[in-house]
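J.: Input model-v4.cif, format and content: mmCIF, C-alpha atoms (C1' of nucleotides).
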```cif
data_structure
#
loop_
_atom_site.label_atom_id
_atom_site.label_comp_id
_atom_site.auth_asym_id
_atom_site.auth_seq_id
_atom_site.Cartn_x
_atom_site.Cartn_y
_atom_site.Cartn_z
CA MET A 21 5.11 -56.75 -61.53
CA GLY A 22 8.16 -58.27 -59.95
CA THR A 23 11.33 -56.42 -59.32
CA ARG A 24 13.23 -58.55 -61.80
CA GLN A 25 11.01 -57.53 -64.68
CA ARG A 26 11.06 -53.90 -63.62
CA LEU A 27 14.85 -53.99 -63.67
CA ILE A 28 14.83 -55.29 -67.22
CA ASP A 29 12.29 -52.69 -68.30
CA THR A 30 14.14 -49.87 -66.61
CA ALA A 31 17.41 -51.00 -68.15
CA SER A 32 15.80 -51.07 -71.60
CA GLU A 33 14.49 -47.53 -71.22
CA LEU A 34 17.80 -46.32 -69.87
CA LEU A 35 19.55 -48.01 -72.77
CA ALA A 36 17.33 -46.44 -75.37
CA GLY A 37 17.42 -43.03 -73.77
CA GLU A 38 20.95 -42.63 -72.51
CA GLY A 39 23.00 -45.09 -74.50
CA VAL A 40 24.97 -48.15 -73.64
CA ASP A 41 27.36 -46.36 -71.30
CA ALA A 42 24.48 -45.36 -69.03
CA VAL A 43 23.40 -48.93 -68.46
CA THR A 44 25.20 -49.49 -65.17
CA LEU A 45 23.95 -51.69 -62.37
CA ARG A 46 23.83 -48.77 -59.99
CA GLY A 47 22.15 -46.51 -62.48
CA ILE A 48 19.51 -49.10 -63.28
CA ALA A 49 18.91 -49.72 -59.60
CA LYS A 50 18.48 -46.02 -58.93
CA ALA A 51 16.15 -45.57 -61.89
CA ALA A 52 14.11 -48.52 -60.70
CA GLY A 53 13.92 -47.12 -57.19
CA VAL A 54 15.81 -49.86 -55.40
CA SER A 55 19.12 -49.97 -53.61
CA HIS A 56 22.32 -50.49 -55.53
CA GLY A 57 22.67 -54.06 -54.38
CA ALA A 58 19.13 -55.18 -55.15
CA PRO A 59 19.78 -56.24 -58.77
CA LEU A 60 22.21 -58.87 -57.54
CA ARG A 61 19.29 -60.64 -55.87
CA HIS A 62 17.82 -61.30 -59.31
CA PHE A 63 20.87 -61.49 -61.55
CA SER A 64 24.27 -62.98 -60.94
CA GLY A 65 25.88 -59.80 -62.22
CA ARG A 66 25.69 -57.08 -64.76
CA ALA A 67 26.22 -59.44 -67.69
CA GLU A 68 23.18 -61.50 -66.78
CA LEU A 69 20.91 -58.47 -66.53
CA LEU A 70 22.15 -57.05 -69.81
CA SER A 71 21.77 -60.47 -71.39
CA ALA A 72 18.10 -60.38 -70.47
CA VAL A 73 17.82 -56.94 -72.06
CA ALA A 74 19.63 -58.08 -75.21
CA THR A 75 17.44 -61.16 -75.38
CA ARG A 76 14.40 -58.90 -75.56
CA GLY A 77 16.18 -56.97 -78.28
CA TYR A 78 16.52 -60.12 -80.37
CA ALA A 79 12.90 -60.94 -79.67
CA ASP A 80 11.83 -57.50 -80.87
CA LEU A 81 13.92 -57.92 -83.98
CA LEU A 82 12.37 -61.31 -84.60
CA ALA A 83 8.87 -59.93 -84.07
CA ARG A 84 9.38 -57.69 -87.07
CA ARG A 85 9.65 -60.83 -89.15
CA GLU A 86 6.12 -61.87 -88.32
CA THR A 87 4.47 -59.24 -90.44
CA LEU A 88 6.62 -58.76 -93.49
CA PRO A 89 4.94 -57.03 -96.41
CA GLY A 90 5.31 -58.47 -99.87
CA ASN A 91 3.70 -61.16 -101.95
CA SER A 92 6.69 -62.99 -103.32
CA PRO A 93 9.49 -64.60 -101.30
CA ARG A 94 11.86 -62.11 -102.85
CA GLU A 95 9.79 -59.18 -101.67
CA ARG A 96 9.60 -60.59 -98.19
CA LEU A 97 13.37 -61.10 -98.11
CA THR A 98 14.07 -57.53 -99.13
CA ALA A 99 11.52 -56.39 -96.55
CA ALA A 100 13.36 -58.42 -93.92
CA CYS A 101 16.64 -56.81 -94.92
CA HIS A 102 15.11 -53.38 -94.64
CA SER A 103 13.64 -54.25 -91.27
CA TYR A 104 17.07 -55.33 -89.99
CA LEU A 105 18.63 -52.04 -91.01
CA ASP A 106 15.64 -50.09 -89.71
CA PHE A 107 15.89 -51.81 -86.36
CA ALA A 108 19.58 -50.96 -86.04
CA LEU A 109 19.07 -47.34 -86.98
CA ALA A 110 16.00 -46.92 -84.78
CA ASN A 111 17.54 -48.64 -81.75
CA PRO A 112 21.26 -47.98 -82.03
CA ALA A 113 22.04 -48.59 -78.36
CA MET A 114 20.13 -51.85 -78.25
CA PHE A 115 21.76 -52.95 -81.48
CA GLU A 116 25.16 -52.20 -80.05
CA LEU A 117 24.43 -54.06 -76.83
CA MET A 118 23.21 -57.10 -78.72
CA PHE A 119 26.60 -57.55 -80.33
CA ARG A 120 28.86 -56.52 -77.47
CA ARG A 121 30.41 -59.71 -76.19
CA ASP A 122 31.97 -57.93 -73.25
CA LEU A 123 28.65 -56.68 -71.88
CA VAL A 124 26.62 -59.79 -72.34
CA ASP A 125 26.91 -63.39 -71.22
CA ALA A 126 27.51 -65.30 -74.44
CA ASP A 127 26.70 -68.57 -72.69
CA ASP A 128 23.22 -67.46 -71.69
CA PRO A 129 20.99 -70.08 -73.33
CA ALA A 130 18.02 -67.72 -73.73
CA LEU A 131 20.22 -65.16 -75.40
CA SER A 132 21.83 -67.51 -77.85
CA ALA A 133 18.48 -69.11 -78.61
CA ALA A 134 16.98 -65.71 -79.42
CA ALA A 135 19.95 -64.82 -81.59
CA SER A 136 19.82 -68.14 -83.39
CA ALA A 137 16.13 -67.71 -84.04
CA VAL A 138 16.80 -64.41 -85.77
CA PHE A 139 19.35 -66.00 -88.05
CA ASP A 140 17.31 -69.11 -88.68
CA THR A 141 14.24 -67.24 -89.85
CA PHE A 142 16.48 -65.18 -92.06
CA ALA A 143 18.02 -68.29 -93.55
CA VAL A 144 14.55 -69.59 -94.32
CA LEU A 145 13.71 -66.40 -96.16
CA VAL A 146 16.93 -66.60 -98.15
CA ALA A 147 16.35 -70.24 -99.05
CA ALA A 148 12.98 -69.36 -100.55
CA VAL A 149 14.50 -66.96 -103.05
CA PRO A 150 16.27 -68.29 -106.13
CA THR A 151 19.23 -65.93 -106.08
CA ARG A 152 21.88 -65.94 -108.73
CA ILE A 153 24.39 -67.19 -106.16
CA ALA A 154 22.18 -70.02 -105.03
CA ARG A 155 22.03 -71.19 -108.62
CA SER A 156 25.82 -71.45 -108.55
CA GLY A 157 25.44 -74.30 -106.10
CA ALA A 158 26.65 -72.59 -102.96
CA ASP A 159 25.37 -73.73 -99.57
CA LEU A 160 22.21 -71.77 -98.88
CA ARG A 161 23.08 -71.34 -95.20
CA LEU A 162 26.36 -69.85 -96.30
CA VAL A 163 24.58 -67.47 -98.64
CA ALA A 164 22.26 -66.46 -95.82
CA ALA A 165 25.22 -65.88 -93.50
CA SER A 166 26.99 -63.82 -96.13
CA LEU A 167 23.96 -61.65 -96.81
CA TRP A 168 23.29 -61.24 -93.11
CA ALA A 169 26.89 -60.14 -92.62
CA ALA A 170 26.51 -57.61 -95.42
CA LEU A 171 23.43 -56.17 -93.76
CA HIS A 172 25.10 -56.20 -90.40
CA GLY A 173 28.18 -54.43 -91.66
CA LEU A 174 26.01 -51.81 -93.29
CA ALA A 175 24.21 -51.12 -90.02
CA GLN A 176 27.40 -51.19 -88.01
CA LEU A 177 29.38 -48.92 -90.28
CA TRP A 178 26.51 -46.51 -90.59
CA LEU A 179 26.11 -46.20 -86.84
CA TRP A 180 29.87 -45.93 -86.58
CA GLY A 181 29.69 -42.92 -88.84
CA GLY A 182 32.12 -44.12 -91.45
CA LEU A 183 29.67 -44.27 -94.33
CA ALA A 184 28.61 -40.66 -93.98
CA GLY A 185 32.07 -39.58 -95.07
CA ALA A 186 33.13 -36.30 -96.56
CA SER A 187 32.71 -35.90 -100.26
CA PHE A 188 29.96 -38.41 -100.82
CA ALA A 189 26.96 -38.72 -98.54
CA PRO A 190 24.90 -41.80 -99.22
CA SER A 191 21.76 -42.71 -97.35
CA PRO A 192 21.56 -46.08 -95.63
CA GLU A 193 18.81 -47.02 -98.05
CA SER A 194 20.90 -46.36 -101.13
CA ALA A 195 23.75 -48.46 -99.76
CA LEU A 196 21.31 -51.20 -98.92
CA ALA A 197 19.93 -51.06 -102.44
CA VAL A 198 23.39 -51.74 -103.83
CA THR A 199 23.91 -54.60 -101.42
CA LEU A 200 20.58 -56.18 -102.30
CA ASP A 201 21.33 -55.76 -105.96
CA ALA A 202 24.61 -57.62 -105.51
CA TYR A 203 22.93 -60.59 -103.89
CA LEU A 204 19.55 -60.66 -105.57
CA GLY A 205 20.04 -58.78 -108.79
CA MET B 26 62.41 -43.12 -77.15
CA GLY B 27 59.98 -40.73 -75.52
CA THR B 28 57.50 -41.71 -72.93
CA ARG B 29 54.60 -40.87 -75.20
CA GLN B 30 55.67 -43.38 -77.82
CA ARG B 31 56.40 -46.02 -75.21
CA LEU B 32 52.88 -45.61 -73.87
CA ILE B 33 51.44 -46.20 -77.32
CA ASP B 34 53.65 -49.23 -77.86
CA THR B 35 52.88 -50.68 -74.45
CA ALA B 36 49.17 -50.12 -75.00
CA SER B 37 49.35 -51.89 -78.36
CA GLU B 38 51.09 -54.91 -76.85
CA LEU B 39 48.66 -54.98 -73.95
CA LEU B 40 45.78 -54.75 -76.41
CA ALA B 41 47.03 -57.60 -78.55
CA GLY B 42 47.91 -59.77 -75.58
CA GLU B 43 45.15 -59.17 -73.08
CA GLY B 44 42.26 -57.80 -75.08
CA VAL B 45 40.46 -54.52 -75.12
CA ASP B 46 39.32 -54.70 -71.51
CA ALA B 47 42.90 -54.75 -70.32
CA VAL B 48 43.76 -51.48 -72.00
CA THR B 49 43.25 -49.21 -69.02
CA LEU B 50 45.23 -46.07 -68.31
CA ARG B 51 46.55 -47.45 -65.06
CA GLY B 52 47.40 -50.81 -66.57
CA ILE B 53 49.24 -49.20 -69.45
CA ALA B 54 51.12 -46.93 -67.06
CA LYS B 55 52.17 -49.86 -64.90
CA ALA B 56 53.24 -51.93 -67.90
CA ALA B 57 55.25 -48.97 -69.16
CA GLY B 58 56.88 -48.49 -65.79
CA VAL B 59 55.54 -45.05 -64.99
CA SER B 60 53.16 -43.75 -62.38
CA HIS B 61 49.44 -43.94 -62.95
CA GLY B 62 49.17 -40.24 -63.63
CA ALA B 63 52.02 -39.99 -66.11
CA PRO B 64 49.94 -40.76 -69.24
CA LEU B 65 47.89 -37.65 -68.61
CA ARG B 66 51.02 -35.58 -69.26
CA HIS B 67 51.00 -36.83 -72.85
CA PHE B 68 47.33 -37.46 -73.55
CA SER B 69 44.28 -35.53 -72.51
CA GLY B 70 42.67 -38.75 -71.38
CA ARG B 71 42.16 -42.37 -72.16
CA ALA B 72 40.34 -41.70 -75.40
CA GLU B 73 43.26 -39.78 -76.82
CA LEU B 74 45.76 -42.50 -76.01
CA LEU B 75 43.54 -45.21 -77.45
CA SER B 76 42.96 -43.04 -80.50
CA ALA B 77 46.68 -43.03 -81.11
CA VAL B 78 46.71 -46.81 -80.81
CA ALA B 79 43.76 -47.18 -83.17
CA THR B 80 45.39 -44.81 -85.63
CA ARG B 81 48.34 -47.15 -85.82
CA GLY B 82 45.90 -49.97 -86.37
CA TYR B 83 44.47 -48.22 -89.41
CA ALA B 84 47.99 -47.51 -90.60
CA ASP B 85 48.89 -51.19 -90.30
CA LEU B 86 45.75 -52.14 -92.18
CA LEU B 87 46.60 -49.64 -94.89
CA ALA B 88 50.17 -50.94 -95.11
CA ARG B 89 48.80 -54.29 -96.21
CA ARG B 90 47.44 -52.55 -99.27
CA GLU B 91 50.91 -51.58 -100.45
CA THR B 92 51.92 -55.05 -101.47
CA LEU B 93 48.85 -56.73 -102.85
CA PRO B 94 49.48 -59.84 -104.93
CA GLY B 95 47.70 -60.24 -108.25
CA ASN B 96 48.13 -59.07 -111.79
CA SER B 97 44.67 -57.85 -112.65
CA PRO B 98 42.67 -55.18 -110.78
CA ARG B 99 40.17 -57.86 -109.92
CA GLU B 100 42.82 -60.06 -108.33
CA ARG B 101 44.16 -57.14 -106.35
CA LEU B 102 40.67 -56.30 -105.10
CA THR B 103 39.99 -59.82 -103.92
CA ALA B 104 43.43 -59.81 -102.28
CA ALA B 105 42.50 -56.59 -100.50
CA CYS B 106 39.27 -58.14 -99.28
CA HIS B 107 41.12 -61.14 -97.97
CA SER B 108 43.65 -58.89 -96.28
CA TYR B 109 40.86 -57.00 -94.51
CA LEU B 110 39.40 -60.18 -93.14
CA ASP B 111 42.83 -61.55 -92.27
CA PHE B 112 43.66 -58.40 -90.38
CA ALA B 113 40.49 -58.61 -88.33
CA LEU B 114 40.97 -62.28 -87.49
CA ALA B 115 44.67 -61.87 -86.72
CA ASN B 116 44.21 -58.76 -84.58
CA PRO B 117 40.75 -59.09 -83.08
CA ALA B 118 41.34 -56.72 -80.18
CA MET B 119 42.81 -54.02 -82.40
CA PHE B 120 39.98 -54.47 -84.86
CA GLU B 121 37.45 -54.08 -82.08
CA LEU B 122 39.16 -50.98 -80.73
CA MET B 123 39.26 -49.38 -84.16
CA PHE B 124 35.47 -49.44 -84.36
CA ARG B 125 34.56 -48.71 -80.76
CA ARG B 126 33.33 -45.14 -80.71
CA ASP B 127 33.14 -45.14 -76.94
CA LEU B 128 36.83 -45.90 -76.49
CA VAL B 129 38.22 -43.62 -79.12
CA ASP B 130 37.98 -39.91 -79.85
CA ALA B 131 36.03 -39.75 -83.10
CA ASP B 132 37.10 -36.15 -83.62
CA ASP B 133 40.80 -36.98 -83.58
CA PRO B 134 41.96 -35.73 -86.98
CA ALA B 135 44.81 -38.25 -87.27
CA LEU B 136 42.41 -41.07 -86.53
CA SER B 137 39.76 -40.07 -89.00
CA ALA B 138 42.42 -39.37 -91.62
CA ALA B 139 43.85 -42.86 -91.19
CA ALA B 140 40.37 -44.39 -91.37
CA SER B 141 39.49 -42.40 -94.45
CA ALA B 142 42.70 -43.45 -96.15
CA VAL B 143 41.77 -47.09 -95.66
CA PHE B 144 38.40 -46.56 -97.28
CA ASP B 145 39.73 -44.37 -100.05
CA THR B 146 42.32 -46.87 -101.21
CA PHE B 147 39.64 -49.51 -101.13
CA ALA B 148 37.35 -47.37 -103.23
CA VAL B 149 40.14 -46.96 -105.77
CA LEU B 150 40.53 -50.71 -106.00
CA VAL B 151 36.80 -51.16 -106.48
CA ALA B 152 36.63 -48.50 -109.16
CA ALA B 153 39.26 -50.33 -111.19
CA VAL B 154 37.16 -53.48 -111.43
CA PRO B 155 34.24 -53.65 -113.87
CA THR B 156 31.76 -55.36 -111.57
CA ARG B 157 28.32 -56.35 -112.66
CA ILE B 158 26.86 -53.78 -110.29
CA ALA B 159 29.05 -51.01 -111.61
CA ARG B 160 27.71 -51.76 -115.06
CA SER B 161 24.22 -51.09 -113.72
CA GLY B 162 25.22 -47.46 -113.31
CA ALA B 163 25.45 -47.30 -109.52
CA ASP B 164 27.78 -44.80 -107.87
CA LEU B 165 31.14 -46.50 -107.57
CA ARG B 166 31.76 -45.01 -104.15
CA LEU B 167 28.48 -46.51 -103.06
CA VAL B 168 29.48 -49.89 -104.43
CA ALA B 169 32.78 -49.64 -102.57
CA ALA B 170 30.98 -48.73 -99.35
CA SER B 171 28.57 -51.61 -99.78
CA LEU B 172 31.33 -54.13 -100.38
CA TRP B 173 33.37 -52.74 -97.51
CA ALA B 174 30.34 -53.11 -95.25
CA ALA B 175 29.91 -56.70 -96.37
CA LEU B 176 33.52 -57.45 -95.51
CA HIS B 177 33.23 -55.62 -92.25
CA GLY B 178 30.11 -57.46 -91.23
CA LEU B 179 31.74 -60.75 -92.06
CA ALA B 180 34.71 -59.95 -89.82
CA GLN B 181 32.51 -58.58 -87.07
CA LEU B 182 30.07 -61.46 -87.01
CA TRP B 183 32.83 -64.00 -87.17
CA LEU B 184 34.65 -62.49 -84.20
CA TRP B 185 31.31 -62.22 -82.45
CA GLY B 186 30.92 -65.95 -82.83
CA GLY B 187 27.58 -65.93 -84.59
CA LEU B 188 28.73 -67.45 -87.84
CA ALA B 189 30.19 -70.52 -86.22
CA GLY B 190 26.72 -71.66 -85.28
CA ALA B 191 25.58 -75.15 -84.45
CA SER B 192 24.61 -77.31 -87.34
CA PHE B 193 26.65 -75.66 -90.02
CA ALA B 194 30.22 -74.56 -89.50
CA PRO B 195 31.54 -72.42 -92.30
CA SER B 196 35.05 -71.06 -92.45
CA PRO B 197 35.53 -67.32 -92.80
CA GLU B 198 37.08 -67.97 -96.20
CA SER B 199 34.07 -69.81 -97.53
CA ALA B 200 31.75 -67.03 -96.41
CA LEU B 201 34.05 -64.49 -97.99
CA ALA B 202 34.00 -66.46 -101.21
CA VAL B 203 30.22 -66.19 -101.35
CA THR B 204 30.36 -62.48 -100.63
CA LEU B 205 32.93 -61.88 -103.34
CA ASP B 206 30.91 -63.94 -105.75
CA ALA B 207 27.88 -61.78 -105.06
CA TYR B 208 29.73 -58.58 -105.85
CA LEU B 209 32.20 -59.69 -108.48
CA GLY B 210 30.72 -62.84 -109.94
"C1'" DA C 10 71.75 -17.08 -61.63
"C1'" DC C 11 67.10 -17.04 -62.18
"C1'" DC C 12 62.91 -18.56 -63.91
"C1'" DC C 13 59.60 -21.20 -66.16
"C1'" DG C 14 57.64 -24.79 -68.78
"C1'" DA C 15 57.76 -29.68 -69.31
"C1'" DT C 16 57.59 -34.07 -67.07
"C1'" DG C 17 56.70 -37.31 -63.47
"C1'" DT C 18 54.81 -38.67 -58.73
"C1'" DA C 19 51.49 -39.26 -55.09
"C1'" DG C 20 47.18 -38.56 -53.21
"C1'" DA C 21 42.40 -37.69 -53.53
"C1'" DC C 22 37.72 -38.11 -55.42
"C1'" DA C 23 33.54 -40.10 -57.44
"C1'" DG C 24 31.73 -43.88 -59.90
"C1'" DC C 25 31.74 -48.64 -61.05
"C1'" DG C 26 30.85 -54.04 -60.12
"C1'" DT C 27 30.78 -57.13 -56.62
"C1'" DC C 28 30.91 -59.21 -51.92
"C1'" DT C 29 29.29 -59.60 -47.18
"C1'" DA C 30 26.61 -58.69 -43.05
"C1'" DC C 31 22.29 -57.68 -41.59
"C1'" DA C 32 17.06 -57.07 -41.40
"C1'" DG C 33 12.51 -58.15 -42.39
"C1'" DA C 34 8.86 -60.68 -44.95
"C1'" DA C 35 6.93 -64.92 -46.55
"C1'" DG C 36 6.19 -69.46 -46.58
"C1'" DT C 37 6.89 -74.26 -44.72
"C1'" DT C 38 7.36 -77.68 -41.30
"C1'" DT C 39 6.52 -79.60 -36.94
"C1'" DA D 11 0.60 -71.69 -33.19
"C1'" DA D 12 5.49 -71.60 -33.10
"C1'" DA D 13 9.91 -72.16 -35.01
"C1'" DC D 14 12.75 -72.37 -38.80
"C1'" DT D 15 14.28 -71.58 -43.48
"C1'" DT D 16 14.25 -69.12 -47.75
"C1'" DC D 17 13.57 -64.98 -50.40
"C1'" DT D 18 14.18 -60.14 -51.03
"C1'" DG D 19 16.03 -55.75 -50.05
"C1'" DT D 20 19.46 -52.48 -47.65
"C1'" DA D 21 23.87 -50.59 -46.28
"C1'" DG D 22 28.58 -50.69 -46.14
"C1'" DA D 23 32.98 -52.17 -47.71
"C1'" DC D 24 36.68 -53.36 -51.12
"C1'" DG D 25 39.42 -52.81 -55.15
"C1'" DC D 26 39.29 -51.14 -59.57
"C1'" DT D 27 38.70 -47.32 -62.93
"C1'" DG D 28 39.47 -42.27 -65.06
"C1'" DT D 29 40.52 -37.82 -63.83
"C1'" DC D 30 41.97 -33.75 -61.02
"C1'" DT D 31 45.21 -31.30 -58.05
"C1'" DA D 32 49.34 -30.36 -55.34
"C1'" DC D 33 54.01 -31.03 -55.23
"C1'" DA D 34 58.78 -32.23 -56.76
"C1'" DT D 35 62.32 -32.25 -60.27
"C1'" DC D 36 64.85 -31.31 -64.14
"C1'" DG D 37 66.42 -28.70 -68.39
"C1'" DG D 38 66.87 -24.93 -71.38
"C1'" DG D 39 66.45 -19.76 -72.31
"C1'" DT D 40 66.82 -15.04 -70.71
#
```
Represent the structure from my file as structure tokens, please.

T.:
Amino acid sequence: MGTRQRLIDTASELLAGEGVDAVTLRGIAKAAGVSHGAPLRHFSGRAELLSAVATRGYADLLARRETLPGNSPRERLTAACHSYLDFALANPAMFELMFRRDLVDADDPALSAAASAVFDTFAVLVAAVPTRIARSGADLRLVAASLWAALHGLAQLWLWGGLAGASFAPSPESALAVTLDAYLG
Amino acid sequence: MGTRQRLIDTASELLAGEGVDAVTLRGIAKAAGVSHGAPLRHFSGRAELLSAVATRGYADLLARRETLPGNSPRERLTAACHSYLDFALANPAMFELMFRRDLVDADDPALSAAASAVFDTFAVLVAAVPTRIARSGADLRLVAASLWAALHGLAQLWLWGGLAGASFAPSPESALAVTLDAYLG
DNA sequence: ACCCGATGTAGACAGCGTCTACAGAAGTTT
DNA sequence: AAACTTCTGTAGACGCTGTCTACATCGGGT
């Protein structure tokens, strides 16, 4: 296995184990057993290495779409929504990295392709379900974007800690149920 | 005006003008005309200073709720939703700071109070509107959280750049319209 | 008049990303 | 086979960051 791939693997493990702050070039290099300057032989800088990590994150997220349970399009869509939230809650650091513009090279073609693929497959799932909103004549891509944003905000706010507030303590699933009801009910 | 307040003001201007990366203790100190160690006389560290800045951000966001146009509760709710999105798009750096756990002290009581106030007033607005979902018997606080998350995700994804993708270029307003239709339609 | 806490300054330290100089290994060309 | 070039890794340096400490200064209370 080449050093480049080991750096990506090590960075992924470090990310999952220690959080996004621990993913430093020097820390990755040390964890991978190379000198602090070695990563720059394989990546132009930190952003490029983290982009490779984030790209794998999008790929993992997309892989969950391959085996969605459910017989009807509607069931598969709700399964996809659950899988998005599950991914974020199970891999909070990776999820954060994937949407941190300052840590990642937004112009990386592999990264944006992986991100687009995630959205595109989601849009396909949405288009297959005759939602109430779709019947109103709205652009289906727009509906998909809106629902995706709702999911994303749910994951983000939950990880942020704002939805576990004081007097009322909902579970992520219950909030998701309300969201899905709004769009699909 | 005390040095402490000037530091907060300078940091806010720096944040709005140069982005979240530019908000460094040393940069703020220089822009405020004091030595690099002076901020530590007024704040325990960077997180505490940025928490004060973010707290003002939540206060500004809340202030927009004071003068919402619209005669009916429903109109005021949609106005509040628009104002949330407008705030995020008009103050992207502040919006990012407000939800960056790593930059801010989550245990700061003033900060969490300001954040809670924003959500609470929103929940009040939601409770005043007889949405289709509310009629289904769901917890109104849960509905408010779900709608807030949808708004938040819309703002976040738009600033991230993911919603302005390739073949279809929606405006934030059109996406918001779909979201509002899902919850209120 | 004395003291002491509050405020600000300057210097130091470790850690960070990145650049450069250098060394060896590997492969290619002549 | 020899020479040269490219790839890969190391070590050190630089400027930046947040934070800590030592020192000066100033203002009010005893």

J.: Do a neighbour search on segment 12-16 of chain D at 10 Å with only C-alpha atoms (C1' of nucleotides), toss out local chain neighbours closer than 6 positions, and write the hits as a PyMOL selection string.

T.: chain C and resi 35-39

J.: Convert the output of the PyMOL selection byres ((chain B and resi 209) around 10) on the shown file into explicit residues, formatted as a PyMOL selection string.

T.: (chain A and resi 202) or (chain B and resi 99+102-103+151+154-159+172+203-208+210)

J.: Could you expand the PyMOL selection byres ((chain B) within 12 of (chain C)) into the explicit residues it covers here, written as a list in words?

T.: Gly27, Thr28, Arg29, Ala54, Gly58, Val59, Ser60, His61, Gly62, Ala63, Pro64, Leu65, Arg66 and His67 of chain B

J.: What would the file look like if the residues just selected were written as a short mmCIF file (atom, residue, chain, number, x, y, z; two decimals), in the frame of the given file with C-alpha atoms?

T.:
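Saved as part.cif:
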```cif
data_model
loop_
_atom_site.label_atom_id
_atom_site.label_comp_id
_atom_site.auth_asym_id
_atom_site.auth_seq_id
_atom_site.Cartn_x
_atom_site.Cartn_y
_atom_site.Cartn_z
CA GLY B 27 59.98 -40.73 -75.52
CA THR B 28 57.50 -41.71 -72.93
CA ARG B 29 54.60 -40.87 -75.20
CA ALA B 54 51.12 -46.93 -67.06
CA GLY B 58 56.88 -48.49 -65.79
CA VAL B 59 55.54 -45.05 -64.99
CA SER B 60 53.16 -43.75 -62.38
CA HIS B 61 49.44 -43.94 -62.95
CA GLY B 62 49.17 -40.24 -63.63
CA ALA B 63 52.02 -39.99 -66.11
CA PRO B 64 49.94 -40.76 -69.24
CA LEU B 65 47.89 -37.65 -68.61
CA ARG B 66 51.02 -35.58 -69.26
CA HIS B 67 51.00 -36.83 -72.85
#
```

J.: Decode the PyMOL selection byres ((chain B) within 6 of (chain A)) for the given file into explicit residues and return them as a tab-separated table (two decimals) with C-alpha atoms, keeping the file's coordinate frame.

T.:
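File part-v4.tsv, as written:
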```
chain	number	residue	atom	x	y	z
B	171	SER	CA	28.57	-51.61	-99.78
B	174	ALA	CA	30.34	-53.11	-95.25
B	175	ALA	CA	29.91	-56.70	-96.37
B	177	HIS	CA	33.23	-55.62	-92.25
B	178	GLY	CA	30.11	-57.46	-91.23
B	179	LEU	CA	31.74	-60.75	-92.06
B	200	ALA	CA	31.75	-67.03	-96.41
B	204	THR	CA	30.36	-62.48	-100.63
B	207	ALA	CA	27.88	-61.78	-105.06
B	208	TYR	CA	29.73	-58.58	-105.85
```

J.: Quote the spacing between atom CA of Ala72 of chain B and atom CA of Val129 of chain B in Å to one decimal place.

T.: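 Between atom CA of Ala72 of chain B and atom CA of Val129 of chain B the gap is 4.7 Å.
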
J.: Distance atom CA of Thr92 of chain B-atom CA of Leu75 of chain B, one decimal place?

T.: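 Those two atoms sit 27.3 Å apart.
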
J.: Between atom CA of Arg66 of chain A and atom CA of Met119 of chain B, what is the spacing in Å?

T.: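 Distance between the two atoms: 24.8 Å.
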